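The data block below is protein.pdb; it holds PDB, C-alpha atoms and all ligand atoms.
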ATOM      1  CA  MET N   1     -73.231 -67.634 -33.234
ATOM      2  CA  GLY N   2     -75.863 -65.305 -31.798
ATOM      3  CA  GLU N   3     -75.332 -62.494 -29.381
ATOM      4  CA  ARG N   4     -72.912 -63.014 -26.547
ATOM      5  CA  LYS N   5     -74.293 -62.533 -23.041
ATOM      6  CA  ILE N   6     -72.106 -60.933 -20.419
ATOM      7  CA  LEU N   7     -72.848 -60.638 -16.716
ATOM      8  CA  ILE N   8     -71.184 -57.847 -14.746
ATOM      9  CA  ILE N   9     -70.999 -58.477 -11.000
ATOM     10  CA  GLU N  10     -69.942 -55.141  -9.560
ATOM     11  CA  ASP N  11     -71.305 -53.059  -6.674
ATOM     12  CA  GLU N  12     -69.951 -49.724  -7.933
ATOM     13  CA  LYS N  13     -72.950 -48.684  -9.933
ATOM     14  CA  PRO N  14     -71.355 -45.953 -12.103
ATOM     15  CA  LEU N  15     -68.532 -48.297 -13.102
ATOM     16  CA  ALA N  16     -70.912 -51.166 -13.830
ATOM     17  CA  GLU N  17     -73.064 -48.921 -15.983
ATOM     18  CA  ALA N  18     -70.100 -47.487 -17.858
ATOM     19  CA  LEU N  19     -68.911 -51.034 -18.601
ATOM     20  CA  ALA N  20     -72.374 -52.122 -19.680
ATOM     21  CA  TYR N  21     -72.556 -49.137 -21.987
ATOM     22  CA  SER N  22     -69.237 -49.758 -23.722
ATOM     23  CA  LEU N  23     -69.879 -53.507 -24.056
ATOM     24  CA  GLY N  24     -73.406 -52.851 -25.303
ATOM     25  CA  ARG N  25     -72.010 -50.622 -28.032
ATOM     26  CA  GLU N  26     -69.916 -53.575 -29.210
ATOM     27  CA  GLY N  27     -73.062 -55.666 -29.585
ATOM     28  CA  TYR N  28     -72.916 -57.690 -26.371
ATOM     29  CA  LEU N  29     -76.026 -58.291 -24.269
ATOM     30  CA  VAL N  30     -75.143 -57.119 -20.792
ATOM     31  CA  ASP N  31     -76.690 -57.691 -17.379
ATOM     32  CA  ILE N  32     -75.576 -56.226 -14.077
ATOM     33  CA  SER N  33     -75.703 -57.718 -10.607
ATOM     34  CA  GLY N  34     -74.846 -55.370  -7.741
ATOM     35  CA  ASP N  35     -73.829 -58.002  -5.193
ATOM     36  CA  GLY N  36     -72.246 -61.417  -4.941
ATOM     37  CA  GLU N  37     -75.294 -63.462  -3.954
ATOM     38  CA  THR N  38     -77.474 -62.246  -6.802
ATOM     39  CA  GLY N  39     -74.587 -62.471  -9.248
ATOM     40  CA  LEU N  40     -73.754 -66.042  -8.308
ATOM     41  CA  ARG N  41     -77.381 -67.121  -8.517
ATOM     42  CA  ARG N  42     -77.810 -65.612 -11.944
ATOM     43  CA  ALA N  43     -74.504 -67.051 -13.160
ATOM     44  CA  LEU N  44     -75.622 -70.511 -12.029
ATOM     45  CA  GLU N  45     -79.171 -70.288 -13.389
ATOM     46  CA  GLU N  46     -78.467 -68.642 -16.738
ATOM     47  CA  ASP N  47     -75.947 -69.302 -19.461
ATOM     48  CA  PHE N  48     -73.621 -66.357 -19.846
ATOM     49  CA  ASP N  49     -70.730 -66.360 -22.286
ATOM     50  CA  LEU N  50     -68.571 -64.349 -19.920
ATOM     51  CA  ILE N  51     -68.648 -62.910 -16.410
ATOM     52  CA  LEU N  52     -66.882 -59.737 -15.310
ATOM     53  CA  LEU N  53     -66.388 -60.214 -11.609
ATOM     54  CA  ASP N  54     -65.337 -57.544  -9.139
ATOM     55  CA  LEU N  55     -63.423 -59.005  -6.195
ATOM     56  CA  MET N  56     -64.457 -56.447  -3.570
ATOM     57  CA  LEU N  57     -68.176 -57.029  -3.145
ATOM     58  CA  PRO N  58     -70.353 -56.596  -0.088
ATOM     59  CA  GLY N  59     -71.525 -59.858   1.454
ATOM     60  CA  LEU N  60     -70.349 -62.760  -0.672
ATOM     61  CA  ASP N  61     -67.090 -61.476  -2.167
ATOM     62  CA  GLY N  62     -65.713 -62.085  -5.638
ATOM     63  CA  LEU N  63     -63.362 -64.876  -4.581
ATOM     64  CA  GLU N  64     -66.227 -66.823  -3.068
ATOM     65  CA  VAL N  65     -68.419 -66.214  -6.091
ATOM     66  CA  CYS N  66     -65.630 -67.545  -8.302
ATOM     67  CA  ARG N  67     -65.034 -70.575  -6.095
ATOM     68  CA  GLU N  68     -68.726 -71.462  -5.880
ATOM     69  CA  LEU N  69     -69.359 -70.958  -9.580
ATOM     70  CA  ARG N  70     -66.382 -73.130 -10.540
ATOM     71  CA  LYS N  71     -67.874 -76.068  -8.634
ATOM     72  CA  GLU N  72     -70.705 -76.101 -11.165
ATOM     73  CA  LYS N  73     -69.722 -74.323 -14.360
ATOM     74  CA  ASP N  74     -66.806 -73.273 -16.507
ATOM     75  CA  THR N  75     -68.235 -69.946 -17.674
ATOM     76  CA  PRO N  76     -65.247 -67.724 -18.547
ATOM     77  CA  ILE N  77     -64.503 -65.151 -15.846
ATOM     78  CA  ILE N  78     -62.504 -61.940 -15.977
ATOM     79  CA  VAL N  79     -61.717 -60.736 -12.483
ATOM     80  CA  ILE N  80     -61.723 -57.008 -11.736
ATOM     81  CA  THR N  81     -59.554 -56.053  -8.813
ATOM     82  CA  ALA N  82     -58.804 -52.733  -7.121
ATOM     83  CA  ARG N  83     -55.968 -54.149  -5.084
ATOM     84  CA  ASP N  84     -52.882 -53.906  -7.173
ATOM     85  CA  SER N  85     -50.994 -56.736  -5.556
ATOM     86  CA  ASP N  86     -49.794 -59.805  -7.358
ATOM     87  CA  VAL N  87     -51.137 -62.035  -4.629
ATOM     88  CA  ASP N  88     -54.680 -61.035  -5.433
ATOM     89  CA  LYS N  89     -54.094 -61.593  -9.127
ATOM     90  CA  VAL N  90     -52.649 -65.040  -8.626
ATOM     91  CA  VAL N  91     -55.376 -66.004  -6.218
ATOM     92  CA  GLY N  92     -57.960 -64.876  -8.722
ATOM     93  CA  LEU N  93     -56.439 -66.969 -11.466
ATOM     94  CA  GLU N  94     -55.848 -69.978  -9.251
ATOM     95  CA  LEU N  95     -59.531 -69.990  -8.529
ATOM     96  CA  GLY N  96     -60.162 -70.614 -12.181
ATOM     97  CA  ALA N  97     -60.625 -67.107 -13.526
ATOM     98  CA  ASP N  98     -59.563 -66.720 -17.149
ATOM     99  CA  ASP N  99     -58.030 -63.280 -16.880
ATOM    100  CA  TYR N 100     -57.935 -60.234 -14.605
ATOM    101  CA  ILE N 101     -57.779 -56.484 -14.916
ATOM    102  CA  THR N 102     -56.703 -53.961 -12.291
ATOM    103  CA  LYS N 103     -58.663 -50.811 -11.479
ATOM    104  CA  PRO N 104     -58.424 -48.178 -12.762
ATOM    105  CA  PHE N 105     -58.363 -49.513 -16.294
ATOM    106  CA  ASN N 106     -58.868 -48.262 -19.789
ATOM    107  CA  PRO N 107     -62.186 -49.475 -21.273
ATOM    108  CA  ARG N 108     -60.334 -50.372 -24.468
ATOM    109  CA  GLU N 109     -58.044 -52.685 -22.566
ATOM    110  CA  LEU N 110     -60.997 -54.398 -20.954
ATOM    111  CA  LEU N 111     -62.699 -54.763 -24.321
ATOM    112  CA  ALA N 112     -59.574 -56.349 -25.782
ATOM    113  CA  ARG N 113     -59.446 -58.830 -22.903
ATOM    114  CA  VAL N 114     -63.147 -59.654 -23.256
ATOM    115  CA  LYS N 115     -62.671 -60.376 -26.939
ATOM    116  CA  ALA N 116     -59.556 -62.448 -26.342
ATOM    117  CA  VAL N 117     -61.231 -64.603 -23.685
ATOM    118  CA  LEU N 118     -64.336 -65.135 -25.832
ATOM    119  CA  ARG N 119     -62.178 -66.043 -28.824
ATOM    120  CA  ARG N 120     -60.144 -68.532 -26.809
ATOM    121  CA  THR N 121     -63.169 -70.261 -25.352
ATOM    122  CA  ALA N 122     -64.990 -70.412 -28.696
ATOM    123  CA  ARG N 123     -61.983 -72.030 -30.296
ATOM    124  CA  GLY N 124     -61.552 -74.434 -27.386
ATOM    125  CA  ARG N 125     -65.108 -75.662 -27.795
ATOM    126  CA  ASN N 126     -64.743 -76.053 -31.542
ATOM    127  CA  ASP N 127     -61.595 -78.089 -31.136
ATOM    128  CA  ILE N 128     -63.219 -80.524 -28.780
ATOM    129  CA  GLU N 129     -66.078 -81.032 -31.184
ATOM    130  CA  ARG N 130     -63.757 -81.632 -34.091
ATOM    131  CA  GLU N 131     -60.513 -83.165 -32.938
ATOM    132  CA  ILE N 132     -60.176 -85.091 -36.186
ATOM    133  CA  LEU N 133     -60.193 -83.291 -39.510
ATOM    134  CA  LYS N 134     -60.397 -85.458 -42.614
ATOM    135  CA  VAL N 135     -60.192 -84.452 -46.252
ATOM    136  CA  GLY N 136     -59.924 -87.394 -48.639
ATOM    137  CA  GLU N 137     -57.003 -89.510 -47.473
ATOM    138  CA  LEU N 138     -55.561 -86.654 -45.463
ATOM    139  CA  LEU N 139     -56.227 -86.877 -41.752
ATOM    140  CA  MET N 140     -55.347 -84.435 -38.974
ATOM    141  CA  ASP N 141     -55.590 -85.475 -35.347
ATOM    142  CA  ARG N 142     -55.584 -82.186 -33.483
ATOM    143  CA  ALA N 143     -55.475 -83.769 -30.048
ATOM    144  CA  ARG N 144     -52.349 -85.791 -30.885
ATOM    145  CA  HIS N 145     -50.976 -83.101 -33.188
ATOM    146  CA  GLU N 146     -50.429 -85.589 -35.980
ATOM    147  CA  VAL N 147     -51.065 -85.555 -39.713
ATOM    148  CA  TRP N 148     -51.412 -88.659 -41.820
ATOM    149  CA  LEU N 149     -51.677 -89.072 -45.574
ATOM    150  CA  ALA N 150     -53.092 -92.559 -46.074
ATOM    151  CA  ASP N 151     -50.626 -94.739 -44.063
ATOM    152  CA  ARG N 152     -47.815 -92.233 -43.992
ATOM    153  CA  GLN N 153     -47.327 -89.822 -41.123
ATOM    154  CA  ILE N 154     -46.328 -86.335 -42.274
ATOM    155  CA  PRO N 155     -44.008 -84.451 -39.912
ATOM    156  CA  LEU N 156     -44.920 -80.753 -39.861
ATOM    157  CA  SER N 157     -43.518 -77.659 -38.192
ATOM    158  CA  PRO N 158     -45.956 -75.775 -35.922
ATOM    159  CA  ILE N 159     -46.588 -73.153 -38.613
ATOM    160  CA  GLU N 160     -47.110 -75.770 -41.307
ATOM    161  CA  PHE N 161     -49.492 -77.558 -38.986
ATOM    162  CA  ARG N 162     -51.600 -74.448 -38.385
ATOM    163  CA  LEU N 163     -51.583 -73.573 -42.043
ATOM    164  CA  LEU N 164     -52.773 -77.022 -43.044
ATOM    165  CA  GLU N 165     -55.303 -76.953 -40.203
ATOM    166  CA  SER N 166     -56.778 -73.696 -41.543
ATOM    167  CA  LEU N 167     -57.024 -75.202 -45.020
ATOM    168  CA  MET N 168     -58.544 -78.450 -43.736
ATOM    169  CA  GLU N 169     -61.199 -76.620 -41.736
ATOM    170  CA  ARG N 170     -62.635 -75.269 -44.974
ATOM    171  CA  PRO N 171     -61.830 -77.724 -47.751
ATOM    172  CA  GLY N 172     -62.815 -76.877 -51.302
ATOM    173  CA  ARG N 173     -63.026 -73.170 -50.550
ATOM    174  CA  ALA N 174     -60.706 -70.481 -51.809
ATOM    175  CA  LEU N 175     -59.088 -68.915 -48.755
ATOM    176  CA  SER N 176     -57.508 -65.508 -49.078
ATOM    177  CA  ARG N 177     -53.903 -64.920 -48.185
ATOM    178  CA  ASN N 178     -54.961 -62.437 -45.489
ATOM    179  CA  TYR N 179     -57.308 -64.972 -43.941
ATOM    180  CA  LEU N 180     -54.597 -67.622 -43.831
ATOM    181  CA  ILE N 181     -52.048 -65.204 -42.393
ATOM    182  CA  SER N 182     -54.467 -64.104 -39.669
ATOM    183  CA  ARG N 183     -55.285 -67.719 -38.766
ATOM    184  CA  VAL N 184     -51.708 -68.915 -38.680
ATOM    185  CA  TRP N 185     -50.011 -65.954 -37.023
ATOM    186  CA  GLU N 186     -52.976 -64.547 -35.059
ATOM    187  CA  GLY N 187     -51.958 -60.912 -35.378
ATOM    188  CA  ASP N 188     -48.265 -61.556 -34.706
ATOM    189  CA  PHE N 189     -47.314 -61.424 -38.369
ATOM    190  CA  TYR N 190     -44.577 -58.972 -39.245
ATOM    191  CA  GLY N 191     -43.167 -60.547 -42.392
ATOM    192  CA  THR N 192     -44.082 -59.963 -46.002
ATOM    193  CA  PRO N 193     -46.875 -62.032 -47.568
ATOM    194  CA  LYS N 194     -44.115 -64.008 -49.329
ATOM    195  CA  VAL N 195     -43.556 -65.819 -46.044
ATOM    196  CA  LEU N 196     -46.913 -67.501 -46.532
ATOM    197  CA  ASP N 197     -45.816 -68.792 -49.937
ATOM    198  CA  VAL N 198     -42.641 -70.209 -48.439
ATOM    199  CA  HIS N 199     -44.649 -72.259 -45.941
ATOM    200  CA  ILE N 200     -47.111 -73.332 -48.622
ATOM    201  CA  ARG N 201     -44.181 -74.577 -50.698
ATOM    202  CA  LYS N 202     -42.828 -76.582 -47.766
ATOM    203  CA  LEU N 203     -46.253 -78.087 -47.160
ATOM    204  CA  ARG N 204     -46.522 -79.041 -50.808
ATOM    205  CA  GLU N 205     -43.111 -80.712 -50.701
ATOM    206  CA  LYS N 206     -44.389 -82.888 -47.876
ATOM    207  CA  LEU N 207     -47.862 -83.628 -49.258
ATOM    208  CA  GLU N 208     -47.696 -83.553 -53.009
ATOM    209  CA  GLU N 209     -46.453 -86.258 -55.328
ATOM    210  CA  ASN N 210     -45.241 -83.524 -57.626
ATOM    211  CA  PRO N 211     -44.881 -80.249 -55.694
ATOM    212  CA  SER N 212     -44.628 -78.201 -58.873
ATOM    213  CA  LYS N 213     -47.978 -79.575 -60.029
ATOM    214  CA  PRO N 214     -49.891 -79.449 -56.748
ATOM    215  CA  ARG N 215     -53.146 -81.360 -56.511
ATOM    216  CA  TRP N 216     -53.806 -80.898 -52.768
ATOM    217  CA  ILE N 217     -53.002 -77.246 -52.204
ATOM    218  CA  VAL N 218     -54.151 -75.408 -55.288
ATOM    219  CA  THR N 219     -53.227 -71.790 -56.010
ATOM    220  CA  VAL N 220     -56.245 -69.564 -56.585
ATOM    221  CA  ARG N 221     -54.892 -66.721 -58.675
ATOM    222  CA  GLY N 222     -55.428 -63.283 -57.132
ATOM    223  CA  VAL N 223     -56.980 -64.787 -53.979
ATOM    224  CA  GLY N 224     -54.891 -67.346 -52.158
ATOM    225  CA  TYR N 225     -55.131 -71.105 -51.809
ATOM    226  CA  ARG N 226     -57.665 -73.901 -51.769
ATOM    227  CA  LEU N 227     -57.401 -77.409 -50.381
ATOM    228  CA  GLU N 228     -58.646 -80.185 -52.642
ATOM    229  CA  ALA N 229     -58.835 -83.914 -52.189
ATOM    230  CA  PRO N 230     -57.305 -85.347 -55.356
ATOM    231  CA  GLY N 231     -59.450 -88.070 -56.854
ATOM    232  CA  SER N 232     -62.353 -87.572 -54.467
ATOM    233  CA  GLY N 233     -64.184 -84.976 -56.540
ATOM    234  CA  GLU N 234     -66.647 -85.744 -59.278
ATOM    235  CA  GLN N 235     -65.025 -87.552 -62.137
ATOM    236  CA  PRO N 236     -65.375 -85.865 -65.497
ATOM    237  CA  TYR N 237     -67.791 -87.589 -67.824
ATOM    238  CA  THR N 238     -65.720 -89.658 -70.197
ATOM    239  CA  GLY N 239     -68.370 -91.717 -71.983
TER     240      GLY N 239
HETATM  241 CA    CA J 301     -66.393 -53.300  -5.491
END
This entry written out as structure tokens:
Amino acid sequence: MGERKILIIEDEKPLAEALAYSLGREGYLVDISGDGETGLRRALEEDFDLILLDLMLPGLDGLEVCRELRKEKDTPIIVITARDSDVDKVVGLELGADDYITKPFNPRELLARVKAVLRRTARGRNDIEREILKVGELLMDRARHEVWLADRQIPLSPIEFRLLESLMERPGRALSRNYLISRVWEGDFYGTPKVLDVHIRKLREKLEENPSKPRWIVTVRGVGYRLEAPGSGEQPYTG
């Protein structure tokens, strides 16, 4: 994936430097622009993964920077605003910013937002590249939110869909229960790990010819589960 590049457009030098320091410690490559014109030019000329944009800038202000940048590029933007009014927030987001944070803020909160925005955009790009997942005769159309096994459409609940999606992204590999739980529930998981097994069982009932002898979703003892394509692997030598 490489290092992520972040541009901070902020005229308050101590704040910009404090932000650059805490982001740098997390492994991001950080650049600072102290005014809107320079910031916009750099954002247009270079490829940043994320821009932290202060709204109150001398000269070209943050709203204009956002508006101009959006005409050309969809670089994710987190708006920083000192004015704690909802109008400003909405305006910022309507201009195509991805998130906002109000001064004064806790650096941890900003870091969490940076990570969330980067995660969202990375996933968005991946999805566009791979709208169709195919493992043997099993096909998932992510854009249409449909799953087909040969000619038969398989109706799935949202959780079953995400679980199968996680398995189909990495076929043939043993995926741990923790990995699957984090992919399906994205940190909002408060149940016991048994909940995962319940959804696996439901998926098997929909996919497998004989759910008690699963050939698609195989249990990997002590680890988790693995998706196989029955009949598509190497045939054992029988001669
Ligand atoms: Ca400012």
Which residues sit within 10 Å of ligand CA 301 (chain J), counting all atoms listed in the file, listed as a compact mmCIF listing (two decimals) with C-alpha atoms, keeping the file's coordinate frame?
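result31.txt was written with the following content:
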# COMPACT_ATOMS: atom_id res chain seq x y z
CA ILE N 9 -71.00 -58.48 -11.00
CA GLU N 10 -69.94 -55.14 -9.56
CA ASP N 11 -71.31 -53.06 -6.67
CA GLU N 12 -69.95 -49.72 -7.93
CA LYS N 13 -72.95 -48.68 -9.93
CA LEU N 15 -68.53 -48.30 -13.10
CA ALA N 16 -70.91 -51.17 -13.83
CA GLY N 34 -74.85 -55.37 -7.74
CA ASP N 35 -73.83 -58.00 -5.19
CA LEU N 53 -66.39 -60.21 -11.61
CA ASP N 54 -65.34 -57.54 -9.14
CA LEU N 55 -63.42 -59.00 -6.20
CA MET N 56 -64.46 -56.45 -3.57
CA LEU N 57 -68.18 -57.03 -3.14
CA PRO N 58 -70.35 -56.60 -0.09
CA ASP N 61 -67.09 -61.48 -2.17
CA GLY N 62 -65.71 -62.08 -5.64
CA ILE N 80 -61.72 -57.01 -11.74
CA THR N 81 -59.55 -56.05 -8.81
CA ALA N 82 -58.80 -52.73 -7.12
Reference answer for the PyMOL selection byres (((chain N and resi 194-204) around 10) and not hetatm), as number ranges by chain: N: 154-157, 159-161, 163-164, 177-178, 180-181, 184, 189-193, 205-219, 224-225
Correct to one decimal, the distance CA of Gln153 in chain N-CA of Leu175 in chain N is 25.2 Å
Can you turn the PyMOL selection byres (((chain N and resi 173) around 9) and not hetatm) into a concrete residue list for this file, as a CSV table (one decimal) with C-alpha atoms, in the frame of the given file?
chain,number,residue,atom,x,y,z
N,167,LEU,CA,-57.0,-75.2,-45.0
N,170,ARG,CA,-62.6,-75.3,-45.0
N,171,PRO,CA,-61.8,-77.7,-47.8
N,172,GLY,CA,-62.8,-76.9,-51.3
N,174,ALA,CA,-60.7,-70.5,-51.8
N,175,LEU,CA,-59.1,-68.9,-48.8
N,225,TYR,CA,-55.1,-71.1,-51.8
N,226,ARG,CA,-57.7,-73.9,-51.8
N,227,LEU,CA,-57.4,-77.4,-50.4
N,228,GLU,CA,-58.6,-80.2,-52.6
Using the chain letters and numbers from this file, what does the PyMOL selection byres (((chain N and resi 101-116) around 8) and not hetatm) select? Give the answer as a list in words. Leu19, Ser22, Leu23, Leu50, Ile78, Val79, Ile80, Thr81, Ala82, Arg83, Asp84, Asp99, Tyr100, Val117, Leu118, Arg119 and Arg120 of chain N
Report as a PDB file with C-alpha atoms, in the coordinates of the input all protein, DNA and RNA residues lying within 10 Å of Leu60 in chain N, evaluated on all atoms listed in the file, omitting residues in the same chain fewer than 6 positions from it.
ATOM      1  CA  ASP N  35     -73.829 -58.002  -5.193  1.00  0.00           C
ATOM      2  CA  GLY N  36     -72.246 -61.417  -4.941  1.00  0.00           C
ATOM      3  CA  GLU N  37     -75.294 -63.462  -3.954  1.00  0.00           C
ATOM      4  CA  THR N  38     -77.474 -62.246  -6.802  1.00  0.00           C
ATOM      5  CA  GLY N  39     -74.587 -62.471  -9.248  1.00  0.00           C
ATOM      6  CA  LEU N  40     -73.754 -66.042  -8.308  1.00  0.00           C
TER       7      LEU N  40
END
Using all atoms listed in the file, which of the listed residues (N:Glu26, N:Glu64, N:Glu3, N:Asp98) sits closest to Phe48 in chain N? N:Glu3
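Among the candidates N:Ala18, N:Ile132, N:Cys66, N:Ile77, the one nearest to Trp148 in chain N when counting all atoms listed in the file is N:Ile132.
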Pairwise distance, CA of Ala122 in chain N with CA of Glu72 in chain N, equals 19.3 Å
For a quick check of understanding, using only C-alpha atoms, which of N:Arg41, N:Leu149, N:Leu138, N:Lys5 has the smallest distance to Gly24 in chain N?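 Closest to Gly24 in chain N, using only C-alpha atoms: N:Lys5.
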For a quick check of understanding, using only C-alpha atoms, which of N:Leu63, N:Val220, N:Leu7, N:Met140 has the smallest distance to Pro76 in chain N?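 When distances to Pro76 in chain N are compared using only C-alpha atoms, the smallest one comes from N:Leu7.
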Find the residues around Leu139 in chain N up to 9 Å (all atoms listed in the file counted), leave out those fewer than 3 positions away in its own chain, and share them as a PDB file with C-alpha atoms, in the frame of the given file.
ATOM      1  CA  ILE N 132     -60.176 -85.091 -36.186  1.00  0.00           C
ATOM      2  CA  LEU N 133     -60.193 -83.291 -39.510  1.00  0.00           C
ATOM      3  CA  LYS N 134     -60.397 -85.458 -42.614  1.00  0.00           C
ATOM      4  CA  VAL N 135     -60.192 -84.452 -46.252  1.00  0.00           C
ATOM      5  CA  GLY N 136     -59.924 -87.394 -48.639  1.00  0.00           C
ATOM      6  CA  GLU N 146     -50.429 -85.589 -35.980  1.00  0.00           C
ATOM      7  CA  VAL N 147     -51.065 -85.555 -39.713  1.00  0.00           C
ATOM      8  CA  TRP N 148     -51.412 -88.659 -41.820  1.00  0.00           C
ATOM      9  CA  LEU N 149     -51.677 -89.072 -45.574  1.00  0.00           C
ATOM     10  CA  ALA N 150     -53.092 -92.559 -46.074  1.00  0.00           C
ATOM     11  CA  MET N 168     -58.544 -78.450 -43.736  1.00  0.00           C
TER      12      MET N 168
END
How many Å separate CA of Arg42 in chain N from CA of Ile6 in chain N?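 Between CA of Arg42 in chain N and CA of Ile6 in chain N the gap is 11.2 Å.
Ranking N:Glu68, N:Glu165, N:Asp31, N:Asp47 by their shortest atom-to-atom distance to His145 in chain N, with only C-alpha atoms included, puts N:Glu165 first.
Nearest to Ser33 in chain N of all the residues N:Arg152, N:Ala20, N:Ile8, N:Ile51 is N:Ile8, counting only C-alpha atoms.
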